[in-house]
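The file final-v3.txt comes next; it holds compact mmCIF, C-alpha atoms.
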# COMPACT_ATOMS: atom_id res chain seq x y z
CA MET A 18 61.80 229.56 -125.16
CA THR A 19 62.55 225.83 -125.25
CA THR A 20 63.48 223.99 -122.08
CA ALA A 21 65.73 220.97 -121.78
CA SER A 22 63.91 217.65 -121.62
CA PRO A 23 63.98 216.07 -118.15
CA VAL A 24 66.42 213.22 -117.69
CA PRO A 25 64.55 209.90 -117.40
CA PRO A 26 64.75 208.20 -114.00
CA ALA A 27 67.31 205.45 -113.54
CA PRO A 28 66.20 201.81 -113.44
CA ALA A 29 65.42 200.68 -109.89
CA GLY A 30 68.67 200.08 -107.98
CA CYS A 31 70.97 201.78 -110.49
CA PRO A 32 73.19 204.35 -108.69
CA PHE A 33 73.01 207.01 -111.44
CA ASN A 34 70.72 208.19 -114.24
CA SER A 35 71.30 208.66 -117.97
CA GLU A 36 72.42 212.30 -117.78
CA PHE A 37 75.87 211.32 -119.10
CA LEU A 38 74.35 210.16 -122.41
CA PRO A 39 73.49 212.44 -125.35
CA PRO A 40 69.83 213.53 -124.94
CA ASN A 41 68.69 211.65 -128.04
CA MET A 42 70.20 208.39 -126.71
CA ARG A 43 68.68 208.40 -123.22
CA LYS A 44 65.53 206.68 -124.45
CA HIS A 45 67.56 203.49 -124.92
CA VAL A 46 68.04 203.09 -121.15
CA ASP A 47 64.78 204.72 -120.06
CA PRO A 48 62.74 202.17 -118.02
CA ALA A 49 59.58 203.63 -119.57
CA ALA A 50 60.78 203.21 -123.17
CA PRO A 51 59.60 200.27 -125.30
CA VAL A 52 61.58 197.07 -124.76
CA PRO A 53 62.89 196.98 -128.37
CA LEU A 54 64.56 200.38 -127.85
CA ARG A 55 66.30 199.18 -124.68
CA MET A 56 67.22 195.91 -126.35
CA MET A 57 68.96 197.83 -129.14
CA ALA A 58 71.33 199.35 -126.57
CA ALA A 59 71.72 196.00 -124.80
CA LYS A 60 72.90 194.52 -128.12
CA THR A 61 75.25 197.52 -128.67
CA LEU A 62 73.32 198.52 -131.81
CA VAL A 63 73.14 202.16 -130.73
CA PRO A 64 75.89 204.58 -131.86
CA LEU A 65 77.61 205.53 -128.61
CA ASN A 66 81.21 206.39 -127.85
CA PRO A 67 83.08 203.66 -125.91
CA SER A 68 82.76 205.26 -122.47
CA ASP A 69 79.04 205.94 -122.87
CA MET A 70 78.48 202.41 -124.12
CA LEU A 71 79.92 200.97 -120.92
CA GLY A 72 77.65 203.19 -118.85
CA ALA A 73 74.56 202.27 -120.88
CA LEU A 74 75.24 198.54 -120.65
CA TYR A 75 75.75 198.82 -116.90
CA MET A 76 72.44 200.68 -116.51
CA LEU A 77 70.66 197.99 -118.53
CA THR A 78 71.84 195.28 -116.12
CA TYR A 79 69.26 196.86 -113.78
CA ASP A 80 66.47 196.74 -116.39
CA ALA A 81 63.09 195.35 -115.33
CA GLU A 82 63.17 192.84 -118.22
CA GLN A 83 65.29 189.75 -117.56
CA ASN A 84 66.06 189.37 -121.25
CA VAL A 85 67.41 192.91 -121.47
CA ARG A 86 69.52 192.40 -118.35
CA ASP A 87 70.98 189.14 -119.65
CA THR A 88 71.68 190.58 -123.09
CA ALA A 89 73.42 193.65 -121.65
CA ALA A 90 75.63 191.50 -119.41
CA LYS A 91 76.52 189.20 -122.32
CA SER A 92 77.34 192.18 -124.55
CA ALA A 93 79.51 193.73 -121.84
CA ALA A 94 81.52 190.53 -121.46
CA GLY A 95 82.11 190.34 -125.21
CA LEU A 96 82.97 193.94 -126.05
CA PRO A 97 85.84 194.28 -128.55
CA ASP A 98 89.23 195.69 -127.60
CA LYS A 99 88.68 198.91 -129.60
CA ILE A 100 85.91 199.79 -127.15
CA LEU A 101 87.36 198.42 -123.92
CA GLY A 102 90.88 199.67 -124.65
CA SER A 103 89.61 203.24 -124.68
CA ALA A 104 86.80 203.23 -122.13
CA LEU A 105 88.52 201.34 -119.31
CA ARG A 106 91.23 204.01 -119.15
CA ASP A 107 88.74 206.89 -119.04
CA GLU A 108 88.62 208.47 -115.56
CA GLY A 109 85.36 210.14 -116.57
CA VAL A 110 83.46 206.84 -116.59
CA GLN A 111 81.21 206.42 -113.53
CA ALA A 112 82.95 204.64 -110.66
CA PRO A 113 80.29 201.89 -110.26
CA VAL A 114 80.66 201.04 -113.96
CA LEU A 115 84.43 200.61 -113.68
CA GLY A 116 84.04 198.54 -110.52
CA TRP A 117 81.52 196.25 -112.20
CA PHE A 118 83.71 195.79 -115.26
CA LEU A 119 86.71 194.96 -113.06
CA GLY A 120 84.72 192.13 -111.52
CA LEU A 121 83.62 191.04 -114.99
CA LEU A 122 87.06 191.19 -116.64
CA LYS A 123 89.37 190.37 -113.73
CA GLY A 124 90.55 187.20 -115.48
CA ASN A 125 92.00 189.24 -118.36
CA ASP A 126 95.24 190.84 -117.19
CA THR A 127 95.28 193.47 -119.93
CA TYR A 128 91.89 194.84 -118.95
CA ALA A 129 92.44 194.33 -115.22
CA GLU A 130 95.61 196.42 -115.45
CA MET A 131 93.74 199.26 -117.18
CA LEU A 132 91.08 199.23 -114.49
CA VAL A 133 93.34 199.12 -111.44
CA LEU A 134 95.39 201.95 -112.98
CA ASN A 135 92.22 204.03 -113.46
CA ALA A 136 91.96 206.38 -110.47
CA THR A 137 88.14 206.36 -110.66
CA THR A 138 87.85 202.59 -110.18
CA PRO A 139 86.48 202.13 -106.63
CA ASP A 140 88.90 200.97 -103.95
CA GLU A 141 86.40 198.30 -102.90
CA ALA A 142 86.46 196.74 -106.37
CA VAL A 143 90.27 196.73 -106.42
CA ALA A 144 90.32 195.10 -102.98
CA ASP A 145 87.91 192.43 -104.23
CA VAL A 146 90.35 191.28 -106.92
CA ALA A 147 93.56 191.88 -104.93
CA SER A 148 93.51 188.44 -103.29
CA THR A 149 93.25 186.41 -106.52
CA CYS A 150 94.75 188.55 -109.31
CA SER A 151 97.95 187.66 -111.14
CA GLY A 152 101.34 188.67 -109.80
CA LYS A 153 101.62 191.35 -112.47
CA VAL A 154 98.31 192.98 -111.53
CA ALA A 155 99.22 192.66 -107.83
CA GLU A 156 102.40 194.64 -108.54
CA ILE A 157 100.35 197.43 -110.15
CA ILE A 158 97.90 197.52 -107.25
CA GLY A 159 100.81 197.64 -104.82
CA GLN A 160 102.29 200.66 -106.56
CA ASN A 161 99.21 202.80 -105.88
CA GLN A 162 100.22 204.12 -102.47
CA LEU A 163 97.13 206.29 -102.10
CA ARG A 164 94.81 203.30 -102.53
CA LEU A 165 96.82 201.26 -100.04
CA LEU A 166 96.43 203.85 -97.31
CA ARG A 167 92.91 204.98 -98.22
CA HIS A 168 91.39 201.50 -98.18
CA GLU A 169 93.01 199.06 -95.76
CA ASP A 170 91.39 195.99 -97.27
CA VAL A 171 93.58 196.39 -100.37
CA ILE A 172 96.62 195.55 -98.21
CA ARG A 173 94.77 192.79 -96.36
CA LYS A 174 93.77 191.11 -99.61
CA LEU A 175 97.18 191.49 -101.27
CA CYS A 176 98.78 189.83 -98.25
CA THR A 177 96.64 186.72 -98.88
CA ASN A 178 97.34 186.56 -102.62
CA PRO A 179 99.45 183.49 -103.44
CA ASN A 180 100.56 185.09 -106.72
CA ALA A 181 102.05 188.17 -105.02
CA SER A 182 105.80 187.97 -104.45
CA GLN A 183 107.22 188.15 -100.95
CA ALA A 184 109.26 191.18 -102.00
CA LEU A 185 106.07 193.00 -103.02
CA ILE A 186 104.30 192.17 -99.75
CA ASP A 187 107.31 193.26 -97.68
CA SER A 188 107.58 196.53 -99.63
CA ILE A 189 103.86 197.30 -99.26
CA CYS A 190 103.83 196.55 -95.55
CA ASP A 191 107.01 198.52 -94.87
CA PHE A 192 105.50 201.54 -96.63
CA ALA A 193 102.21 201.18 -94.76
CA VAL A 194 103.94 200.92 -91.37
CA ARG A 195 106.10 203.98 -92.10
CA SER A 196 102.91 205.84 -93.04
CA GLY A 197 101.36 205.07 -89.66
CA LEU A 198 98.92 202.34 -90.67
CA MET A 199 98.13 199.89 -87.88
CA LEU A 200 96.67 196.53 -88.98
CA ALA A 201 96.98 194.25 -85.97
CA ASP A 202 95.14 191.46 -87.79
CA VAL A 203 97.73 191.23 -90.61
CA PRO A 204 100.83 189.16 -89.64
CA GLN A 205 102.88 190.64 -92.48
CA MET A 206 102.26 194.12 -91.05
CA GLN A 207 103.47 193.03 -87.63
CA ALA A 208 106.55 191.50 -89.25
CA ALA A 209 107.20 194.80 -91.03
CA ARG A 210 106.96 196.69 -87.73
CA VAL A 211 109.58 194.39 -86.20
CA ARG A 212 111.74 194.69 -89.32
CA LEU A 213 111.63 198.49 -89.16
CA PHE A 214 111.59 199.23 -85.44
CA GLY A 215 112.82 196.06 -83.72
CA PRO A 216 111.07 193.43 -81.55
CA GLN A 217 110.13 196.00 -78.90
CA ALA A 218 107.80 197.69 -81.40
CA VAL A 219 105.28 194.85 -81.04
CA LEU A 220 105.21 195.04 -77.25
CA ALA A 221 105.23 198.84 -77.14
CA PRO A 222 104.05 200.24 -80.48
CA PRO A 223 104.63 203.95 -81.01
CA ASP A 224 101.77 206.41 -80.51
CA PRO A 225 100.10 206.62 -83.95
CA GLY A 226 98.58 210.01 -83.15
CA PRO A 227 94.91 210.95 -83.57
CA THR A 228 92.83 208.85 -85.93
CA ALA A 229 90.45 210.30 -88.51
CA GLU A 230 87.54 208.82 -86.55
CA GLN A 231 88.67 210.55 -83.35
CA VAL A 232 89.04 213.90 -85.09
CA LEU A 233 85.59 213.57 -86.66
CA GLN A 234 84.17 212.67 -83.26
CA ASP A 235 85.85 215.59 -81.46
CA PHE A 236 85.07 218.10 -84.22
CA LYS A 237 81.60 217.03 -85.28
CA GLU A 238 81.19 219.97 -87.67
CA VAL A 239 84.05 218.58 -89.76
CA GLN A 240 81.65 215.86 -90.93
CA ASP A 241 79.11 218.41 -92.19
CA GLU A 242 79.67 220.10 -95.57
CA GLY A 243 77.11 222.75 -94.64
CA ALA A 244 78.73 223.67 -91.31
CA ALA A 245 79.56 227.30 -90.62
CA PRO A 246 83.26 228.27 -90.67
CA MET A 247 85.07 227.36 -87.46
CA GLU A 248 86.03 229.94 -84.89
CA GLU A 249 89.72 230.80 -85.14
CA GLY A 250 90.62 229.14 -81.83
CA LYS A 251 88.89 225.88 -82.71
CA LYS A 252 90.38 225.92 -86.20
CA GLN A 253 93.83 226.29 -84.70
CA ASN A 254 93.11 223.33 -82.43
CA LEU A 255 92.03 221.24 -85.43
CA THR A 256 95.19 222.25 -87.30
CA GLN A 257 97.34 221.07 -84.40
CA ARG A 258 95.49 217.75 -84.22
CA ILE A 259 95.94 217.21 -87.97
CA MET A 260 99.68 217.90 -87.68
CA LYS A 261 99.97 215.01 -85.20
CA MET A 262 98.11 212.56 -87.45
CA SER A 263 99.89 209.88 -89.45
CA ILE A 264 99.84 210.03 -93.25
CA ALA A 265 97.37 207.16 -93.37
CA GLU A 266 94.91 208.91 -91.03
CA LYS A 267 95.24 212.23 -92.86
CA ILE A 268 94.27 210.43 -96.07
CA LYS A 269 91.18 208.99 -94.37
CA LEU A 270 90.23 212.44 -93.09
CA ALA A 271 90.71 213.89 -96.59
CA THR A 272 88.11 211.41 -97.83
CA LEU A 273 85.64 211.72 -94.93
CA GLY A 274 86.03 215.32 -93.78
CA ASN A 275 84.38 218.52 -95.03
CA LYS A 276 85.75 221.54 -96.88
CA GLU A 277 87.38 222.96 -93.74
CA ALA A 278 89.37 219.76 -93.20
CA ARG A 279 90.25 219.46 -96.90
CA THR A 280 91.53 223.04 -97.02
CA LEU A 281 93.89 222.36 -94.12
CA LEU A 282 95.04 219.05 -95.58
CA LEU A 283 95.78 220.58 -98.99
CA ARG A 284 98.63 222.46 -97.30
CA ASP A 285 100.24 219.22 -96.16
CA SER A 286 103.77 218.61 -97.39
CA ASN A 287 103.00 215.00 -98.28
CA LYS A 288 101.95 214.50 -101.91
CA LEU A 289 99.68 211.56 -101.09
CA VAL A 290 97.66 213.61 -98.60
CA CYS A 291 97.15 216.43 -101.12
CA THR A 292 96.20 213.90 -103.78
CA ALA A 293 93.67 212.29 -101.44
CA VAL A 294 92.03 215.70 -100.99
CA ILE A 295 91.66 216.41 -104.69
CA ARG A 296 90.41 212.86 -105.28
CA SER A 297 87.82 213.15 -102.52
CA PRO A 298 84.31 212.39 -103.81
CA ARG A 299 83.07 215.35 -101.74
CA ILE A 300 85.27 218.04 -103.29
CA THR A 301 83.45 220.96 -104.92
CA ASP A 302 84.09 223.01 -108.06
CA GLY A 303 84.83 226.01 -105.84
CA GLU A 304 87.64 224.13 -104.10
CA VAL A 305 88.97 222.92 -107.44
CA LEU A 306 89.00 226.53 -108.71
CA ALA A 307 90.92 227.64 -105.61
CA CYS A 308 93.49 224.89 -106.23
CA ALA A 309 93.82 225.87 -109.88
CA MET A 310 94.51 229.48 -108.84
CA ASN A 311 97.01 228.51 -106.14
CA ARG A 312 100.55 229.10 -107.40
CA ALA A 313 101.93 227.11 -104.49
CA ALA A 314 99.73 224.07 -105.14
CA ASN A 315 101.29 220.62 -105.23
CA GLU A 316 102.29 219.77 -108.82
CA GLU A 317 100.61 216.36 -108.63
CA VAL A 318 97.36 218.04 -107.60
CA LEU A 319 97.60 220.40 -110.58
CA ARG A 320 98.33 217.48 -112.90
CA ILE A 321 95.13 215.78 -111.73
CA LEU A 322 93.20 219.01 -112.27
CA TYR A 323 94.32 219.68 -115.83
CA GLY A 324 93.90 216.02 -116.72
CA ASN A 325 90.24 215.96 -115.64
CA ARG A 326 87.91 216.56 -118.58
CA GLU A 327 84.91 217.51 -116.43
CA TRP A 328 86.76 220.14 -114.44
CA THR A 329 88.42 221.68 -117.48
CA LYS A 330 85.00 222.15 -119.09
CA ASN A 331 84.52 224.83 -116.45
CA GLN A 332 85.78 228.07 -118.06
CA LYS A 333 86.84 229.63 -114.74
CA ILE A 334 88.92 226.59 -113.81
CA LYS A 335 90.45 226.44 -117.28
CA LEU A 336 91.44 230.13 -117.15
CA ALA A 337 92.92 229.72 -113.68
CA LEU A 338 95.06 226.82 -114.90
CA VAL A 339 96.21 228.83 -117.91
CA LYS A 340 97.40 231.62 -115.59
CA ASN A 341 99.13 229.29 -113.11
CA PRO A 342 102.91 229.30 -113.77
CA LYS A 343 103.25 225.72 -112.53
CA ILE A 344 101.20 224.33 -115.44
CA PRO A 345 103.38 223.01 -118.33
CA LEU A 346 103.33 225.30 -121.37
CA THR A 347 102.23 222.45 -123.66
CA VAL A 348 99.11 221.99 -121.52
CA VAL A 349 98.48 225.73 -121.35
CA MET A 350 98.71 226.06 -125.14
CA LYS A 351 96.03 223.39 -125.59
CA PHE A 352 93.69 225.32 -123.29
CA VAL A 353 94.52 228.72 -124.81
CA ASN A 354 93.38 227.40 -128.20
CA THR A 355 89.87 226.99 -126.77
CA LEU A 356 89.52 230.44 -125.16
CA ARG A 357 87.11 233.10 -126.33
CA ASP A 358 88.46 236.14 -128.20
CA SER A 359 87.86 238.46 -125.24
CA GLU A 360 89.68 236.05 -122.91
CA LEU A 361 92.62 235.82 -125.30
CA LYS A 362 92.95 239.62 -125.42
CA ASP A 363 92.83 239.87 -121.63
CA LEU A 364 95.42 237.10 -121.33
CA ALA A 365 97.75 238.79 -123.84
CA ARG A 366 97.67 241.98 -121.71
CA ASP A 367 97.90 240.28 -118.30
CA ARG A 368 101.23 241.01 -116.64
CA ASN A 369 100.64 238.44 -113.92
CA VAL A 370 100.85 235.42 -116.23
CA PRO A 371 104.10 233.79 -117.45
CA SER A 372 105.59 235.70 -120.39
CA GLY A 373 105.43 232.62 -122.64
CA VAL A 374 101.69 232.33 -122.06
CA ALA A 375 101.07 236.03 -122.73
CA MET A 376 103.15 235.88 -125.93
CA TYR A 377 101.27 232.82 -127.17
CA ALA A 378 97.94 234.50 -126.45
CA LYS A 379 99.11 237.62 -128.28
CA LYS A 380 100.05 235.55 -131.33
CA MET A 381 96.62 233.92 -131.26
CA VAL A 382 94.95 237.34 -131.16
CA GLU A 383 97.09 238.59 -134.07
CA LYS A 384 96.32 235.48 -136.07
CA LYS A 385 92.58 235.91 -135.54
CA THR A 386 92.58 239.60 -136.40
CA ALA A 387 95.05 239.44 -139.35
CA PRO A 388 92.41 238.68 -142.06
CA LYS A 389 90.29 241.63 -140.94
CA LYS A 390 93.27 243.98 -141.29
CA GLU A 391 93.96 242.75 -144.84
CA GLU A 392 90.39 243.48 -145.90
CA LYS A 393 90.65 247.14 -144.93
Mind converting the file's structure to structure tokens?
Amino acid sequence: MTTASPVPPAPAGCPFNSEFLPPNMRKHVDPAAPVPLRMMAAKTLVPLNPSDMLGALYMLTYDAEQNVRDTAAKSAAGLPDKILGSALRDEGVQAPVLGWFLGLLKGNDTYAEMLVLNATTPDEAVADVASTCSGKVAEIIGQNQLRLLRHEDVIRKLCTNPNASQALIDSICDFAVRSGLMLADVPQMQAARVRLFGPQAVLAPPDPGPTAEQVLQDFKEVQDEGAAPMEEGKKQNLTQRIMKMSIAEKIKLATLGNKEARTLLLRDSNKLVCTAVIRSPRITDGEVLACAMNRAANEEVLRILYGNREWTKNQKIKLALVKNPKIPLTVVMKFVNTLRDSELKDLARDRNVPSGVAMYAKKMVEKKTAPKKEEK
């Protein structure tokens, strides 16, 4: 029996290895490979799809050889639109890669727009460009409400951007204040508080409720993914605390908390909170499967699930999405076309799935079995 070849270690300092590349291409970023092989990838002479090429070039900027590093950086800066136009939109590209390319291409509005619209691009990288980007890019950054509340520096930097319109800054700050965000060091935020609640709001600001940091401090197990399930009484106490939190603090807890916290937050009525949960870097495939099976799940959460290529490679998640009545039929049909014969037959007989889905599965089964019937 053959075993898969081990994935070569990443160059020193690189935050990920070459597992994302096809096995026969990993040698081109392997620190132990001959320099000419690595240089081929640095010069983009290796046949890779656009997204993989970005990842390979990024890895080679950590190469031990200065010449390889310089060549990779130069190649990255000069990539043609047919590569960048596809890869920069791909949410499957590693977050550090997208962040690095945003810093590299921030002077090009077309590419900067693609990157700030990409949900995988790190908040820190978006904040870094928010103070100097064009007015158009600032508008796009300002429209991402989840980023604004999840990473406070995005608002801080936008408020210092001379290219951002006053209307945009006022709109962002008004939204942030209504969501419970408190940034005492940002004058525009204080002005928004006065605008919304009157002058007395500065002297006696309303109680913002528990912060994510306080909840994590009071419920230390909520920080630990391996913690045992909470006792019912303590879980009820945590639920009550979460209900008193502002939207902004719930979003922080969705990013920092463990599965127990995420499960509670997924039930929140606010779309941004649910989205923050499903976008959490700590979320597991098991939680994603539970969301896919949940017929009461937020539609935006489901849209993120069925739009994620990595998650929909998981057959259990794909089947759960197919059976969920809240998934658009056009999406379901695309997934049904990839199911195994046995799964199609089960789906055609399943009375718990939408009738349109069962009928489509039945037609697929009939189509696959028709030639066999003709031969008899």
**OP:** Provide the CA of Thr149 (chain A) to CA of Phe118 (chain A) distance in Å, to one decimal place.
**Re:**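 Atom-to-atom, CA of Thr149 (chain A) and CA of Phe118 (chain A) are spaced 16.0 Å apart.
Comparing A:Asn287, A:Asn125, A:Ser372, A:Ser263 by their smallest distance to Val194 (chain A), the closest is A:Ser263 (using only C-alpha atoms).
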**OP:** Find the residues near Lys333 (chain A): any atom within 10 Å, counting all atoms listed in the file, skip ones fewer than 6 places away on the same chain, and give them as a ChimeraX atom specification.
**Re:** /A:302-303,306,309-310,339
Original post:
Of the candidates A:Thr61, A:Gln111, A:Thr138, A:Gln234, which one gets nearest to Ala94 (chain A) if we count only C-alpha atoms?
Top reply: A:Thr61
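In terms of minimum interatomic distance to Ala144 (chain A), A:Ile158 ranks closest within A:Ile158, A:Met131, A:Met42, A:Leu364, counting all atoms listed in the file.
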**OP:** Would you kindly return, as an MDAnalysis selection string, each protein, DNA or RNA residue with an atom no farther than 12 Å from any atom of Thr177 (chain A), considering only C-alpha atoms and excluding same-chain residues fewer than 2 positions away?
**Re:** chainID A and resid 144:150 155 170:175 179:183 186 203:205
Original post:
Taking (66.5, 196.0, -117.1) in the file's coordinates as the center, which residues reach within 10 Å of it, counting all atoms listed in the file, put as a ChimeraX atom specification?
Top reply: /A:28-29,31,46-48,52,55-56,59,74-89
**OP:** May I have the residues within 12 Å of Thr329 (chain A) as a ChimeraX atom specification, using all atoms listed in the file and disregarding those fewer than 3 positions away in the same chain?
**Re:** /A:109,302,305-306,309,319-326,332-339,348-349,351-353,355-356
Original post:
In Å, with one decimal, what is the gap from CA of Tyr377 (chain A) to CA of Asn311 (chain A)?
Top reply: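 A separation of 21.9 Å between them.
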**OP:** Fewer than 3 positions away in the same chain doesn't count, so skip those; otherwise give me all residues within 10 Å of Ile300 (chain A), counting only C-alpha atoms, as a ChimeraX atom specification.
**Re:** /A:242,271-272,274-276,279,294-297,303-305
Original post:
Can you tell me how far CA of Lys379 (chain A) sits from CA of Ala365 (chain A), in Å to one decimal?
Top reply: 4.8 Å
